[in-house]
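Here is the structure we will look at, set down as structure tokens.
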Amino acid sequence: MEIIQTITLLVGIVLAALGGMVIRFWLGRRRVNRELAAAHYPKIKDLGTVKNLTILPLIDWETKDQSLTGEAGVSYLIRADETTILFDVGFNAQNEHPSPLLRNMETLGVSVSELDMVVISHNHLDHVGGMRHQRQKSFGLSGQPLDLKKLPAYVPIPLTHPTADVSTTEKPQPLAPGVATTGTIPRQLFFLGYTPEQSLAVNVEGKGIVLIVGCGHSTLQGIIDRAKMLFDAPLYGMVGGLHYPVTASREKKLGLPIQSILGTGKWPWTPVTCEDVKEAIGYLRERNPQLVSLSAHDSCDWSINAFRSAFGEAYKDLLVGEEISVD
Ligand SMILES: [Zn+2]
Ligand SMILES: [Zn+2]
């Protein structure tokens, strides 16, 4: 009798938890839809342009060679003329010091002292330097604190850092000559909840806007639409994570492909499909981009191959240690 009562209680708890998540997701989607409908921003005038733009992946899933460490996270070094930006700070799943990010930086000859700013796309563990930072609403480049000496950091929600000069950049705004944040675009994720994410936009002279994206929860279409709202210049490129784990998930929890089922803005029983990827590719192709590079940290090989074959010469592999250059 006691066993039956215990089982009934456990089933009740699981059902209540699931019910709570369903209600949270449903309400969250309504909130996001309201916010997206209300998000009208004026054009960013006088952004300026840069002549040279390079993007050097410091952390991502695939690496150029064995001397570098890959992980299911993102950190890119962006050099836009005189401005050097660290975009996201990786995963550091084992909370190591020095972290894979710092080790890769050393191998690639990149120093923290050359950074002009840090930009965090969104508060997920694979972008803020681990679970501890995600929970504490902070970010960190390594397992032990690093003195960032008042380095400016632009973050999507109120995050803290003991030694950085942190500003929340919810609204679109310029960050440096030719460089802007798109401002945050929210998405409700079934498991991970309400997730505002910002992307970077760099205006390259004579070419157009290059979008640099962290996880892409805001969707390819949503990010392109935001860029259209903010800039007159055409879209030239899109680089980074766009979250298309269709046939596989890089991250698994309890054997579950969490990226495919629980990390999306869809109901868990309708995961991201090949059709979604084809639709997104079609949307991007209409803009005729000359540079496309998809992160493998949150997309499967099937999706990467679909992008590669759709964009031909414009497609560049995204590998830690392999600089992508626009000049
Ligand atoms: Zn991610
Ligand atoms: Zn994410």
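Each chain in the structure tokens gets a letter, A, B, ..., in the order shown, and its residues are numbered from 1; ligands are numbered from 1 in order too.
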Nearby polymer residues, ligand 2, at most 8 Å, only C-alpha atoms and all ligand atoms, as a ChimeraX atom specification: /A:122-127,195,214-217,263
Residues within 12 Å of ligand 1, counting only C-alpha atoms and all ligand atoms, as a PyMOL selection string: chain A and resi 59-61+71-75+88-91+120-130+192+195+197+213-218+240-245+249-251+258-259+263-264+294-299
Would you save the residues from that selection as a short mmCIF file (atom, residue, chain, number, x, y, z; two decimals), in the first residue's frame, using N, CA and C atoms?
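Now in again_24.cif:
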```cif
data_model
loop_
_atom_site.label_atom_id
_atom_site.label_comp_id
_atom_site.auth_asym_id
_atom_site.auth_seq_id
_atom_site.Cartn_x
_atom_site.Cartn_y
_atom_site.Cartn_z
N ILE A 59 36.52 29.93 -29.23
CA ILE A 59 35.83 28.75 -28.72
C ILE A 59 34.68 28.42 -29.66
N ASP A 60 34.60 27.18 -30.05
CA ASP A 60 33.45 26.63 -30.76
C ASP A 60 33.63 25.12 -30.78
N TRP A 61 32.74 24.41 -31.46
CA TRP A 61 32.77 22.94 -31.42
C TRP A 61 33.93 22.35 -32.21
N GLU A 71 34.77 23.06 -27.76
CA GLU A 71 33.70 22.74 -26.80
C GLU A 71 32.39 23.31 -27.32
N ALA A 72 31.28 22.84 -26.72
CA ALA A 72 29.95 23.27 -27.19
C ALA A 72 29.62 24.65 -26.62
N GLY A 73 30.43 25.62 -26.99
CA GLY A 73 30.22 26.98 -26.53
C GLY A 73 30.71 27.95 -27.58
N VAL A 74 30.64 29.25 -27.26
CA VAL A 74 31.03 30.27 -28.23
C VAL A 74 31.89 31.33 -27.57
N SER A 75 32.98 31.69 -28.24
CA SER A 75 33.71 32.92 -27.95
C SER A 75 34.45 33.30 -29.23
N ASP A 88 31.19 36.85 -26.32
CA ASP A 88 30.94 35.66 -25.50
C ASP A 88 32.26 35.07 -24.98
N VAL A 89 32.13 34.25 -23.91
CA VAL A 89 33.36 33.80 -23.22
C VAL A 89 33.43 32.27 -23.07
N GLY A 90 32.69 31.55 -23.92
CA GLY A 90 32.83 30.09 -23.93
C GLY A 90 32.04 29.39 -22.83
N PHE A 91 32.28 28.08 -22.69
CA PHE A 91 31.50 27.20 -21.80
C PHE A 91 32.31 26.85 -20.54
N ILE A 120 28.33 40.08 -24.33
CA ILE A 120 27.73 38.78 -24.02
C ILE A 120 26.39 38.71 -24.77
N SER A 121 26.22 37.66 -25.56
CA SER A 121 24.99 37.55 -26.36
C SER A 121 23.78 37.24 -25.50
N HIS A 122 23.90 36.24 -24.60
CA HIS A 122 22.78 35.89 -23.73
C HIS A 122 23.29 35.06 -22.56
N ASN A 123 22.44 34.97 -21.52
CA ASN A 123 22.89 34.33 -20.28
C ASN A 123 22.67 32.82 -20.32
N HIS A 124 23.38 32.14 -21.21
CA HIS A 124 23.38 30.68 -21.20
C HIS A 124 24.79 30.21 -20.91
N LEU A 125 24.86 29.05 -20.23
CA LEU A 125 26.15 28.57 -19.71
C LEU A 125 27.23 28.45 -20.78
N ASP A 126 26.85 28.15 -22.01
CA ASP A 126 27.85 27.95 -23.06
C ASP A 126 28.36 29.27 -23.64
N HIS A 127 27.85 30.39 -23.12
CA HIS A 127 28.28 31.72 -23.59
C HIS A 127 28.84 32.59 -22.48
N VAL A 128 28.51 32.25 -21.21
CA VAL A 128 28.97 33.09 -20.09
C VAL A 128 30.08 32.44 -19.28
N GLY A 129 30.54 31.25 -19.73
CA GLY A 129 31.67 30.61 -19.05
C GLY A 129 31.26 29.57 -18.02
N GLY A 130 30.05 29.03 -18.13
CA GLY A 130 29.68 27.89 -17.28
C GLY A 130 28.40 28.09 -16.48
N LEU A 192 14.52 26.29 -20.82
CA LEU A 192 15.42 27.33 -20.32
C LEU A 192 14.72 28.65 -20.03
N THR A 195 14.43 34.09 -22.69
CA THR A 195 15.83 34.28 -23.11
C THR A 195 15.97 35.45 -24.08
N GLU A 197 18.32 37.78 -26.30
CA GLU A 197 19.66 37.60 -26.88
C GLU A 197 19.98 38.77 -27.80
N VAL A 213 26.42 36.25 -34.36
CA VAL A 213 25.33 35.73 -33.54
C VAL A 213 25.88 34.68 -32.57
N GLY A 214 25.33 34.66 -31.34
CA GLY A 214 25.79 33.70 -30.33
C GLY A 214 25.13 32.34 -30.47
N CYS A 215 23.88 32.24 -30.04
CA CYS A 215 23.16 30.95 -30.10
C CYS A 215 22.04 30.99 -31.14
N GLY A 216 21.60 32.19 -31.49
CA GLY A 216 20.54 32.31 -32.49
C GLY A 216 19.17 31.89 -32.01
N HIS A 217 18.93 31.96 -30.69
CA HIS A 217 17.58 31.63 -30.21
C HIS A 217 16.55 32.59 -30.81
N SER A 218 16.99 33.80 -31.12
CA SER A 218 16.07 34.81 -31.66
C SER A 218 15.61 34.47 -33.08
N GLY A 240 27.97 32.65 -37.02
CA GLY A 240 27.77 32.24 -35.63
C GLY A 240 26.72 31.16 -35.44
N GLY A 241 26.18 31.10 -34.21
CA GLY A 241 25.24 30.04 -33.85
C GLY A 241 23.82 30.40 -34.24
N LEU A 242 23.12 29.45 -34.84
CA LEU A 242 21.73 29.71 -35.23
C LEU A 242 20.76 28.63 -34.72
N HIS A 243 21.28 27.73 -33.94
CA HIS A 243 20.47 26.72 -33.25
C HIS A 243 19.62 25.86 -34.19
N TYR A 244 20.31 25.05 -34.97
CA TYR A 244 19.61 24.06 -35.81
C TYR A 244 20.09 22.64 -35.51
N PRO A 245 19.78 22.14 -34.30
CA PRO A 245 20.15 20.76 -33.97
C PRO A 245 19.06 19.81 -34.46
N SER A 249 22.18 16.40 -31.24
CA SER A 249 22.36 17.47 -30.27
C SER A 249 23.78 17.34 -29.71
N ARG A 250 24.56 18.41 -29.72
CA ARG A 250 25.93 18.32 -29.19
C ARG A 250 25.88 18.07 -27.69
N GLU A 251 24.90 18.65 -27.02
CA GLU A 251 24.79 18.51 -25.58
C GLU A 251 23.67 17.55 -25.24
N ILE A 258 19.08 17.62 -25.40
CA ILE A 258 18.44 18.83 -24.86
C ILE A 258 18.39 19.99 -25.85
N GLN A 259 19.43 20.08 -26.70
CA GLN A 259 19.40 21.22 -27.64
C GLN A 259 18.23 21.08 -28.61
N GLY A 263 15.76 23.09 -25.81
CA GLY A 263 16.39 24.40 -25.95
C GLY A 263 15.83 25.21 -27.09
N THR A 264 14.66 24.84 -27.58
CA THR A 264 14.09 25.55 -28.73
C THR A 264 12.90 26.39 -28.29
N LEU A 294 28.28 28.94 -40.16
CA LEU A 294 27.37 28.44 -39.12
C LEU A 294 28.16 27.71 -38.04
N SER A 295 27.91 28.09 -36.78
CA SER A 295 28.58 27.44 -35.66
C SER A 295 28.04 26.03 -35.45
N ALA A 296 28.98 25.10 -35.21
CA ALA A 296 28.56 23.72 -34.94
C ALA A 296 28.23 23.51 -33.46
N HIS A 297 28.37 24.56 -32.63
CA HIS A 297 28.15 24.32 -31.19
C HIS A 297 26.68 24.03 -30.89
N ASP A 298 25.77 24.59 -31.72
CA ASP A 298 24.35 24.32 -31.47
C ASP A 298 23.61 23.93 -32.75
N SER A 299 24.36 23.53 -33.78
CA SER A 299 23.73 23.00 -35.00
C SER A 299 24.40 21.68 -35.34
#
```
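Among the candidates A:Ser199, A:Gln134, A:Thr169, A:Thr84, the one nearest to Val110 of chain A when counting only C-alpha atoms is A:Thr84.
The nearest approach to Arg226 of chain A among the residues A:Gln66, A:Thr184, A:Gln94, A:Thr49, with only C-alpha atoms taken into account, belongs to A:Thr184.
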Contact residues around Pro268 of chain A with only C-alpha atoms at 9 Å, ignoring same-chain residues under 5 positions, as a PyMOL selection string: chain A and resi 190-191+260-263
Store the residues picked out above, limited to C-alpha atoms, as a JSON list (two decimals), in the first residue's frame.
```json
[["chain", "number", "residue", "atom", "x", "y", "z"],
["A", 190, "PHE", "CA", 10.50, 25.42, -23.07],
["A", 191, "PHE", "CA", 13.18, 24.30, -20.63],
["A", 260, "SER", "CA", 16.88, 19.61, -30.02],
["A", 261, "ILE", "CA", 13.99, 19.10, -27.64],
["A", 262, "LEU", "CA", 14.21, 21.53, -24.77],
["A", 263, "GLY", "CA", 16.39, 24.40, -25.95]]
```
Which of segment 32-243 of chain A DSSP labels helix (DSSP H, G or I), written as a count of residues only: 40
Spatial neighbours of Ala153 of chain A, max dist 6 Å, only C-alpha atoms, sep filter under 6 positions, as a ChimeraX atom specification: /A:117-119,165-166
Taking C-alpha atoms for each residue, export the selection above as a PDB file, in the first residue's frame.
```
ATOM      1  CA  MET A 117      35.228  45.396 -24.781  1.00  0.00           C
ATOM      2  CA  VAL A 118      33.382  42.190 -23.991  1.00  0.00           C
ATOM      3  CA  VAL A 119      29.911  41.574 -25.419  1.00  0.00           C
ATOM      4  CA  ASP A 165      32.472  48.033 -16.332  1.00  0.00           C
ATOM      5  CA  VAL A 166      29.142  46.396 -17.155  1.00  0.00           C
TER       6      VAL A 166
END
```
Contacts of Thr83 of chain A at 7 Å (only C-alpha atoms; same-chain gap of 3+ positions) as a ChimeraX atom specification: /A:79-80,116
Residues as selected, N, CA and C atoms, written as an mmCIF file, in the first residue's frame, can you do that?
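Produced file part20.cif, reproduced below:
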```
data_model
loop_
_atom_site.group_PDB
_atom_site.id
_atom_site.type_symbol
_atom_site.label_atom_id
_atom_site.label_comp_id
_atom_site.auth_asym_id
_atom_site.auth_seq_id
_atom_site.Cartn_x
_atom_site.Cartn_y
_atom_site.Cartn_z
ATOM 1 N N ARG A 79 37.779 41.811 -34.670
ATOM 2 C CA ARG A 79 38.581 43.021 -34.862
ATOM 3 C C ARG A 79 37.914 43.835 -35.963
ATOM 4 N N ALA A 80 37.408 44.996 -35.570
ATOM 5 C CA ALA A 80 36.711 45.878 -36.511
ATOM 6 C C ALA A 80 37.504 47.176 -36.557
ATOM 7 N N ASP A 116 39.091 45.697 -26.225
ATOM 8 C CA ASP A 116 38.472 46.988 -25.937
ATOM 9 C C ASP A 116 37.127 46.807 -25.251
#
```
Residue neighbourhood Gln221 of chain A, 9 Å, only C-alpha atoms, exclusion window fewer than 2 positions, as a PyMOL selection string: chain A and resi 218-219+223-226+280+283-284
For Val204 of chain A: contacts at 6 Å, only C-alpha atoms, fewer than 4 positions along chain excluded, given as a PyMOL selection string: chain A and resi 49-51+208
Selection file, N, CA and C atoms, as a short mmCIF file (atom, residue, chain, number, x, y, z; two decimals), in the first residue's frame:
```cif
data_model
loop_
_atom_site.label_atom_id
_atom_site.label_comp_id
_atom_site.auth_asym_id
_atom_site.auth_seq_id
_atom_site.Cartn_x
_atom_site.Cartn_y
_atom_site.Cartn_z
N THR A 49 31.47 53.21 -40.67
CA THR A 49 31.84 51.92 -41.27
C THR A 49 33.23 51.54 -40.80
N VAL A 50 33.56 50.28 -41.02
CA VAL A 50 34.96 49.86 -40.81
C VAL A 50 35.49 49.37 -42.15
N LYS A 51 36.79 49.47 -42.33
CA LYS A 51 37.40 48.99 -43.58
C LYS A 51 37.70 47.49 -43.48
N GLY A 208 28.53 46.04 -46.48
CA GLY A 208 27.25 46.03 -45.77
C GLY A 208 27.40 45.47 -44.37
#
```
Shortest interatomic distance to Ile85 of chain A - which of A:Leu9, A:Gly222, A:Ile212, A:Asn104, counting only C-alpha atoms: A:Ile212
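Counting only C-alpha atoms and comparing A:Ala306, A:Pro57, A:Arg34, A:Thr181, the residue that lies closest to Lys278 of chain A is A:Ala306.
Atom CA of Met131 of chain A lies 11.4 Å from atom CA of Gly143 of chain A.
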